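Report on the structure given below.
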Amino acid sequence: MPEQSILIIGGGPAGMEAARGVADLGYRAILVEKRSCLGGMPDEAGYAALTPDFRSASEATAEMVAAIENNANVTIRLNSTVTAATGRLGDFEVTLKNGQTAEKVKAGAVIIATGFQHFDPGRETQQYGYYEFDDVITLVDLEKMLKEHNVVRPSNGQPPERLCFIQCVGSRDRQIGNEYCSKVCCGVASKEAIEVRQQLPNCKVFIFYIDMRMYGYWENLIYWPAQEKYKVSYIKGIATEIMKKGDRLLVRGEDTTMGRPMEVPMDIVVLSVGMESSAGTREMAQIFGLKQNKYKFIETIGGALNTVTTNVEGVFVCGAATGPADLEDTVSSANAAAMKALAAVQRTQRLAG
Amino acid sequence: MALDLSGKQYAQVPFEEKQRLFNEVKADFRFDEYLYGCYECGVCVAACPSARFYDFSPRKIAQTAAREDVDLFYVFLNDSIWDCSQCFSCDRCPRQNSPGGLITVMREVAVKNGLASAQEALEGYGRIVYKIMSTGTQVSPDMLQPNAFPDWGPHVKEISNNLDVWRRALPPETLHTTETGWAVDDKTVIELYLIWHMTGVMDIIKEVDEGLFMILQDVMEERLEEAGYDASFN
């Protein structure tokens, strides 16, 4: 009799939603998370409000956790990592490690939901001085400040009078190697820009961009209000470097649509860092023998019509483990992965029966 | 000549003054429906006839106001808004902005504040303003004289030499208004003068053209006093 349980690796939004999907259909989900709690990146990085609906990230995470935490169909393994895997569709045996303790679990299919990591702006984009200037921060750093309602210049603790975002840091760059668009940063930066204007009405906020990519309803949920209601200035042109001038930062770039060079003082510069494959995603690709694309995200083999199937039968992938994804993409692909994993297991069962 | 967008030419104007003028434009009741946010897409420039002939961009004016770039706004307030032909072709904006409408508001602010650019732009129209304000009628064809329209180019002189012949060559009657155009009912003229005074138009004229103001004042004073009004308006 083939094993029917679905092993889900990663306790972020993708993994939690996949586990809920499996459980809702009446099957057993085993959810493995390396941290001591569920929640994934929104929890780990301390997101304040979600894009695009400004819902509290903690509240949304709590709701997702509640749906699986005391669910008889969901077994949760915290502080655990996957260290080895053998077998095939209908008969996987996966080794989990919790500290020194190893445990082998059986699963009919596996869903990888190991997500992404934020681009480290000190790695390649040295000209932005992330590790040099206190007042150069990232979207993630600002998110924490917004959550605490304490947006201040790290250098002196004073609220900023001028703050700017620089888009596409670590994305869309052949020299860095990340040629892809990280999809979410335009929306997240605009959302944070609105929140800064709400919390500090006297602070001028600028967004320096290459293209604003605010698909579908994000346009009028975030972009238009940011510009029209909150008077965020969008300037097409990416800063080439950031320098120190007095106790302020000087951002150099071109105001392309105005056709003139630009040198503007700023109190805080926020780098809109993109997404890269997480260490967990890369490790799982090794352990399960999954094909990765050149950016080390896990490749799906179905093209546009199948966004969750990998080259290994019985192993599926969802969320940002496949590439940059917003929350809407993530929960959608999580449910698709749950459905396809169960369908695969049942097909095996029928053949065996 | 290319418009200097560095703002250096107005570096001596205090920022507070630029901000005051910007705030005046922003406070206009039409501002919010003339300007939402700007994609900087350029559809307004593509549609703009003036942009073909001048270094003029309704986009740059709209985006500057949307960005609240006060220094650059001051450059446009002085150097660009008079290049607009106010045809409103720019109203095809996907964000429903009206750059032309914004320019209307900016022109009004420039005139009310007697900016040098407004004085210069209106210089060639003194005769027209005089005619409209003193008689309530429009320009009559015989007014097409080089001294009346210094900015209409050298061909005005040539045309004015034989204006009567040119006009008569046109099939419809065009010269009849030269006489009737000056004849307006007394009561209407008096009401018009009162409107100019009471709505602040005379104050605006005083800001942009002191000479014209004095001529108009003379003409109006006499007729208003005849009609029993105190024309000093002090």
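By convention in this document, the chains of the structure tokens carry letters A, B, ... by their order, each chain's residues are numbered from 1, and ligands are numbered from 1 in the order they are shown.
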Query - chain A contacts to chain B at 9 Å (only C-alpha atoms) as an MDAnalysis selection string - result: chainID A and resid 206 224:225 227:229 231:236 257:261
Please produce a file of those selected residues containing N, CA and C atoms, as a PDB file, in the first residue's frame.
```pdb
ATOM      1  N   PHE A 206      10.833  59.765  -2.088  1.00  0.00           N
ATOM      2  CA  PHE A 206      11.117  59.601  -3.511  1.00  0.00           C
ATOM      3  C   PHE A 206      11.327  58.120  -3.824  1.00  0.00           C
ATOM      4  N   TRP A 224      -1.139  54.251  -7.570  1.00  0.00           N
ATOM      5  CA  TRP A 224      -1.846  55.528  -7.698  1.00  0.00           C
ATOM      6  C   TRP A 224      -2.012  56.255  -6.365  1.00  0.00           C
ATOM      7  N   PRO A 225      -2.458  55.542  -5.311  1.00  0.00           N
ATOM      8  CA  PRO A 225      -2.569  56.251  -4.019  1.00  0.00           C
ATOM      9  C   PRO A 225      -1.225  56.811  -3.544  1.00  0.00           C
ATOM     10  N   GLN A 227       1.206  57.914  -5.271  1.00  0.00           N
ATOM     11  CA  GLN A 227       1.550  59.106  -6.038  1.00  0.00           C
ATOM     12  C   GLN A 227       0.541  60.230  -5.819  1.00  0.00           C
ATOM     13  N   GLU A 228      -0.749  59.879  -5.870  1.00  0.00           N
ATOM     14  CA  GLU A 228      -1.769  60.918  -5.885  1.00  0.00           C
ATOM     15  C   GLU A 228      -2.159  61.383  -4.485  1.00  0.00           C
ATOM     16  N   LYS A 229      -2.354  60.425  -3.590  1.00  0.00           N
ATOM     17  CA  LYS A 229      -2.819  60.800  -2.244  1.00  0.00           C
ATOM     18  C   LYS A 229      -1.653  61.118  -1.316  1.00  0.00           C
ATOM     19  N   LYS A 231       1.578  61.714  -2.316  1.00  0.00           N
ATOM     20  CA  LYS A 231       2.570  62.600  -2.928  1.00  0.00           C
ATOM     21  C   LYS A 231       3.987  62.043  -2.894  1.00  0.00           C
ATOM     22  N   VAL A 232       4.080  60.737  -3.129  1.00  0.00           N
ATOM     23  CA  VAL A 232       5.403  60.134  -3.276  1.00  0.00           C
ATOM     24  C   VAL A 232       5.895  60.477  -4.683  1.00  0.00           C
ATOM     25  N   SER A 233       7.134  60.952  -4.800  1.00  0.00           N
ATOM     26  CA  SER A 233       7.678  61.324  -6.108  1.00  0.00           C
ATOM     27  C   SER A 233       8.353  60.126  -6.760  1.00  0.00           C
ATOM     28  N   TYR A 234       7.874  59.735  -7.927  1.00  0.00           N
ATOM     29  CA  TYR A 234       8.487  58.639  -8.685  1.00  0.00           C
ATOM     30  C   TYR A 234       9.396  59.244  -9.740  1.00  0.00           C
ATOM     31  N   ILE A 235      10.663  58.904  -9.687  1.00  0.00           N
ATOM     32  CA  ILE A 235      11.610  59.473 -10.634  1.00  0.00           C
ATOM     33  C   ILE A 235      12.298  58.347 -11.393  1.00  0.00           C
ATOM     34  N   LYS A 236      12.130  58.365 -12.725  1.00  0.00           N
ATOM     35  CA  LYS A 236      12.699  57.299 -13.550  1.00  0.00           C
ATOM     36  C   LYS A 236      14.197  57.542 -13.709  1.00  0.00           C
ATOM     37  N   THR A 257      13.439  61.387 -17.299  1.00  0.00           N
ATOM     38  CA  THR A 257      12.307  61.976 -18.020  1.00  0.00           C
ATOM     39  C   THR A 257      12.402  63.496 -18.034  1.00  0.00           C
ATOM     40  N   MET A 258      13.175  64.054 -17.122  1.00  0.00           N
ATOM     41  CA  MET A 258      13.364  65.503 -17.113  1.00  0.00           C
ATOM     42  C   MET A 258      14.614  65.858 -17.924  1.00  0.00           C
ATOM     43  N   GLY A 259      15.416  64.823 -18.212  1.00  0.00           N
ATOM     44  CA  GLY A 259      16.588  65.036 -19.040  1.00  0.00           C
ATOM     45  C   GLY A 259      17.661  65.864 -18.371  1.00  0.00           C
ATOM     46  N   ARG A 260      17.946  65.567 -17.118  1.00  0.00           N
ATOM     47  CA  ARG A 260      18.993  66.339 -16.444  1.00  0.00           C
ATOM     48  C   ARG A 260      19.649  65.479 -15.358  1.00  0.00           C
ATOM     49  N   PRO A 261      20.911  65.733 -15.109  1.00  0.00           N
ATOM     50  CA  PRO A 261      21.567  64.991 -14.030  1.00  0.00           C
ATOM     51  C   PRO A 261      20.978  65.390 -12.680  1.00  0.00           C
TER      52      PRO A 261
END
```
With only C-alpha atoms counted and 9 Å as the cut-off, give the residues of segment 99-211 of chain A in contact with segment 288-304 of chain A, each with its shortest interatomic distance in Å and the pair that gives it, as a Markdown table.
```
| residue | atom | partner | partner_atom | distance |
| --- | --- | --- | --- | --- |
| A:Phe116 | CA | A:Phe297 | CA | 8.6 |
| A:Gly177 | CA | A:Tyr295 | CA | 7.7 |
| A:Asn178 | CA | A:Tyr295 | CA | 6.7 |
| A:Glu179 | CA | A:Tyr295 | CA | 8.6 |
| A:Tyr180 | CA | A:Tyr295 | CA | 8.7 |
```
Query - Interatomic distance, atom CA of Val105 of chain A to atom CA of Leu31 of chain A (Å, one decimal) - result: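 Computed distance, atom CA of Val105 of chain A to atom CA of Leu31 of chain A, equals 11.2 Å.
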Report task. Excluding segment 106-114 of chain A and any residue of its chain fewer than 2 positions from it, enumerate the residues within 6 Å of it, using only C-alpha atoms, and give them as an MDAnalysis selection string. Result -> chainID A and resid 3:10 14:15 89:93 280:281 314:318 321 341 345
If you run DSSP on the backbone here, which positions in segment 47-265 of chain A get alpha helix (DSSP H)? Please write them as a PDB file with C-alpha atoms, in the first residue's frame.
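selection.pdb written:
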```
ATOM      1  CA  ALA A  57       1.578  40.533   8.705  1.00  0.00           C
ATOM      2  CA  SER A  58       1.476  39.154  12.258  1.00  0.00           C
ATOM      3  CA  GLU A  59      -2.286  38.839  12.130  1.00  0.00           C
ATOM      4  CA  ALA A  60      -2.224  37.093   8.737  1.00  0.00           C
ATOM      5  CA  THR A  61       0.547  34.753   9.906  1.00  0.00           C
ATOM      6  CA  ALA A  62      -1.359  33.925  13.096  1.00  0.00           C
ATOM      7  CA  GLU A  63      -4.390  33.042  10.995  1.00  0.00           C
ATOM      8  CA  MET A  64      -2.349  30.717   8.786  1.00  0.00           C
ATOM      9  CA  VAL A  65      -0.718  29.076  11.796  1.00  0.00           C
ATOM     10  CA  ALA A  66      -4.066  28.626  13.541  1.00  0.00           C
ATOM     11  CA  ALA A  67      -5.452  26.760  10.533  1.00  0.00           C
ATOM     12  CA  ILE A  68      -2.858  23.989  10.865  1.00  0.00           C
ATOM     13  CA  GLU A  69      -1.540  24.117  14.422  1.00  0.00           C
ATOM     14  CA  LEU A 139      13.266  47.418   2.522  1.00  0.00           C
ATOM     15  CA  VAL A 140      13.548  44.804   5.254  1.00  0.00           C
ATOM     16  CA  ASP A 141      15.192  47.212   7.712  1.00  0.00           C
ATOM     17  CA  LEU A 142      12.535  49.849   7.027  1.00  0.00           C
ATOM     18  CA  GLU A 143       9.788  47.260   7.459  1.00  0.00           C
ATOM     19  CA  LYS A 144      10.992  46.699  11.033  1.00  0.00           C
ATOM     20  CA  MET A 145      11.039  50.438  11.752  1.00  0.00           C
ATOM     21  CA  LEU A 146       7.517  50.802  10.367  1.00  0.00           C
ATOM     22  CA  LYS A 147       6.321  47.946  12.523  1.00  0.00           C
ATOM     23  CA  CYS A 185       9.822  45.252  -4.730  1.00  0.00           C
ATOM     24  CA  CYS A 186       7.921  47.942  -6.679  1.00  0.00           C
ATOM     25  CA  GLY A 187       4.813  47.120  -4.705  1.00  0.00           C
ATOM     26  CA  VAL A 188       6.593  46.734  -1.387  1.00  0.00           C
ATOM     27  CA  ALA A 189       8.542  49.993  -1.805  1.00  0.00           C
ATOM     28  CA  SER A 190       5.362  51.866  -2.738  1.00  0.00           C
ATOM     29  CA  LYS A 191       3.542  50.338   0.207  1.00  0.00           C
ATOM     30  CA  GLU A 192       6.352  51.331   2.562  1.00  0.00           C
ATOM     31  CA  ALA A 193       6.462  54.799   0.975  1.00  0.00           C
ATOM     32  CA  ILE A 194       2.782  55.241   1.843  1.00  0.00           C
ATOM     33  CA  GLU A 195       3.413  54.056   5.392  1.00  0.00           C
ATOM     34  CA  VAL A 196       6.340  56.473   5.813  1.00  0.00           C
ATOM     35  CA  ARG A 197       4.121  59.338   4.624  1.00  0.00           C
ATOM     36  CA  GLN A 198       1.424  58.208   7.067  1.00  0.00           C
ATOM     37  CA  GLN A 199       3.805  58.005   9.995  1.00  0.00           C
ATOM     38  CA  TRP A 218      -1.575  46.731  -7.449  1.00  0.00           C
ATOM     39  CA  TRP A 224      -1.846  55.528  -7.698  1.00  0.00           C
TER      40      TRP A 224
END
```
Report task. Extract, using only C-alpha atoms, all DNA, RNA and protein residues at most 7 Å from segment 7-9 of chain B, discarding same-chain residues fewer than 3 positions from it, and format them as a list in words. Result ->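 With the cut-off at 7 Å, the set is Asp4, Asp71, Leu72 and Val75 of chain B.
Interatomic distance, atom CA of Ala183 of chain B against atom CA of Ile205 of chain B: 23.5 Å.
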Query raised in the report: When you draw a straight line from atom CA of Ser89 of chain B to atom CA of Cys44 of chain B, how long is it in Å?
Result: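 Computing it gives 7.2 Å between the two atoms.
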Report task. Find the spatial neighbours of Ala118 of chain B, counting only C-alpha atoms, within a cut-off of 10 Å - ignore same-chain residues fewer than 2 positions away - and output them as a PyMOL selection string. Result -> chain B and resi 77-79+81-82+107-116+120-123+207-209
**Report entry** Long-range neighbours of Val129 of chain B as a ChimeraX atom specification, 12 Å cut-off, only C-alpha atoms, 3 positions minimum in chain
**Finding:** /B:122-126,132-139,148-149,196,201-202,204-205,208-209,212-213,215-216
Can you write just those residues out, N, CA and C atoms, as a compact mmCIF listing (two decimals), in the first residue's frame?
```txt
# COMPACT_ATOMS: atom_id res chain seq x y z
N LEU B 122 2.07 89.28 -22.19
CA LEU B 122 0.83 90.03 -22.46
C LEU B 122 1.09 91.35 -23.17
N GLU B 123 2.36 91.70 -23.32
CA GLU B 123 2.72 92.99 -23.89
C GLU B 123 2.07 93.22 -25.26
N GLY B 124 2.14 92.21 -26.11
CA GLY B 124 1.61 92.34 -27.45
C GLY B 124 0.09 92.40 -27.50
N TYR B 125 -0.53 92.13 -26.36
CA TYR B 125 -1.99 92.06 -26.35
C TYR B 125 -2.64 93.27 -25.69
N GLY B 126 -1.84 94.28 -25.41
CA GLY B 126 -2.37 95.48 -24.72
C GLY B 126 -3.56 96.07 -25.46
N ILE B 132 -11.24 95.12 -25.41
CA ILE B 132 -12.24 94.30 -24.74
C ILE B 132 -12.72 94.98 -23.46
N MET B 133 -11.79 95.49 -22.69
CA MET B 133 -12.16 96.04 -21.39
C MET B 133 -12.86 97.38 -21.50
N SER B 134 -12.49 98.18 -22.51
CA SER B 134 -13.11 99.51 -22.57
C SER B 134 -14.43 99.48 -23.33
N THR B 135 -14.57 98.56 -24.30
CA THR B 135 -15.81 98.56 -25.09
C THR B 135 -16.65 97.31 -24.89
N GLY B 136 -16.03 96.26 -24.40
CA GLY B 136 -16.78 95.02 -24.26
C GLY B 136 -16.88 94.25 -25.56
N THR B 137 -16.19 94.70 -26.60
CA THR B 137 -16.23 93.95 -27.86
C THR B 137 -14.84 93.45 -28.20
N GLN B 138 -14.79 92.61 -29.22
CA GLN B 138 -13.50 92.04 -29.56
C GLN B 138 -12.73 92.89 -30.56
N VAL B 139 -11.64 92.35 -30.99
CA VAL B 139 -10.76 93.07 -31.90
C VAL B 139 -11.43 93.18 -33.27
N ALA B 148 0.24 97.43 -33.01
CA ALA B 148 -0.69 96.78 -32.08
C ALA B 148 -0.26 95.35 -31.78
N PHE B 149 0.40 94.74 -32.73
CA PHE B 149 0.79 93.34 -32.54
C PHE B 149 2.27 93.14 -32.83
N TRP B 196 -15.24 94.69 -13.92
CA TRP B 196 -13.77 94.73 -13.94
C TRP B 196 -13.22 95.19 -12.59
N VAL B 201 -10.20 92.41 -11.61
CA VAL B 201 -9.50 92.41 -12.90
C VAL B 201 -8.62 93.66 -13.02
N MET B 202 -9.13 94.78 -12.53
CA MET B 202 -8.33 96.01 -12.60
C MET B 202 -7.04 95.89 -11.78
N ILE B 204 -5.42 93.15 -11.32
CA ILE B 204 -4.50 92.30 -12.08
C ILE B 204 -3.83 93.11 -13.19
N ILE B 205 -4.63 93.94 -13.90
CA ILE B 205 -4.07 94.76 -14.97
C ILE B 205 -2.98 95.68 -14.42
N VAL B 208 0.30 93.79 -14.10
CA VAL B 208 1.06 93.41 -15.30
C VAL B 208 1.35 94.58 -16.24
N ASP B 209 0.50 95.63 -16.23
CA ASP B 209 0.72 96.73 -17.19
C ASP B 209 0.18 98.04 -16.61
N LEU B 212 -1.31 100.59 -19.22
CA LEU B 212 -2.64 100.21 -19.67
C LEU B 212 -3.68 100.47 -18.58
N PHE B 213 -3.28 100.18 -17.37
CA PHE B 213 -4.17 100.40 -16.22
C PHE B 213 -4.59 101.87 -16.14
N ILE B 215 -4.61 104.18 -18.52
CA ILE B 215 -5.49 104.57 -19.64
C ILE B 215 -6.92 104.10 -19.39
N LEU B 216 -7.01 102.82 -19.00
CA LEU B 216 -8.34 102.24 -18.74
C LEU B 216 -9.05 103.00 -17.62
```
Query - segment 76-79 of chain A surroundings by only C-alpha atoms, 9 Å radius, close-in-sequence under 3 positions cut, as a PyMOL selection string - result: chain A and resi 11+29-38+68-69+96-99
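Distance annotation: of B:Phe15, B:Phe88, B:Tyr10, B:Phe76, the residue with the minimal separation from Ser50 of chain B is B:Phe88; atom set is only C-alpha atoms.
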Query raised in the report: Using only C-alpha atoms, which of B:Tyr229, B:Tyr193, B:Tyr54, B:Tyr74 sits nearest Gln12 of chain B?
Result: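 Smallest distance to Gln12 of chain B is found for B:Tyr74.
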Query raised in the report: Which of segment 8-232 of chain A counts as strand (DSSP E or B) under DSSP, as an NGL selection string please?
Result: :A and (8-9 or 29-32 or 49 or 56 or 74-77 or 81-88 or 91-98 or 101-107 or 109-112 or 116-118 or 136-138 or 162-169 or 173 or 178 or 204-209)
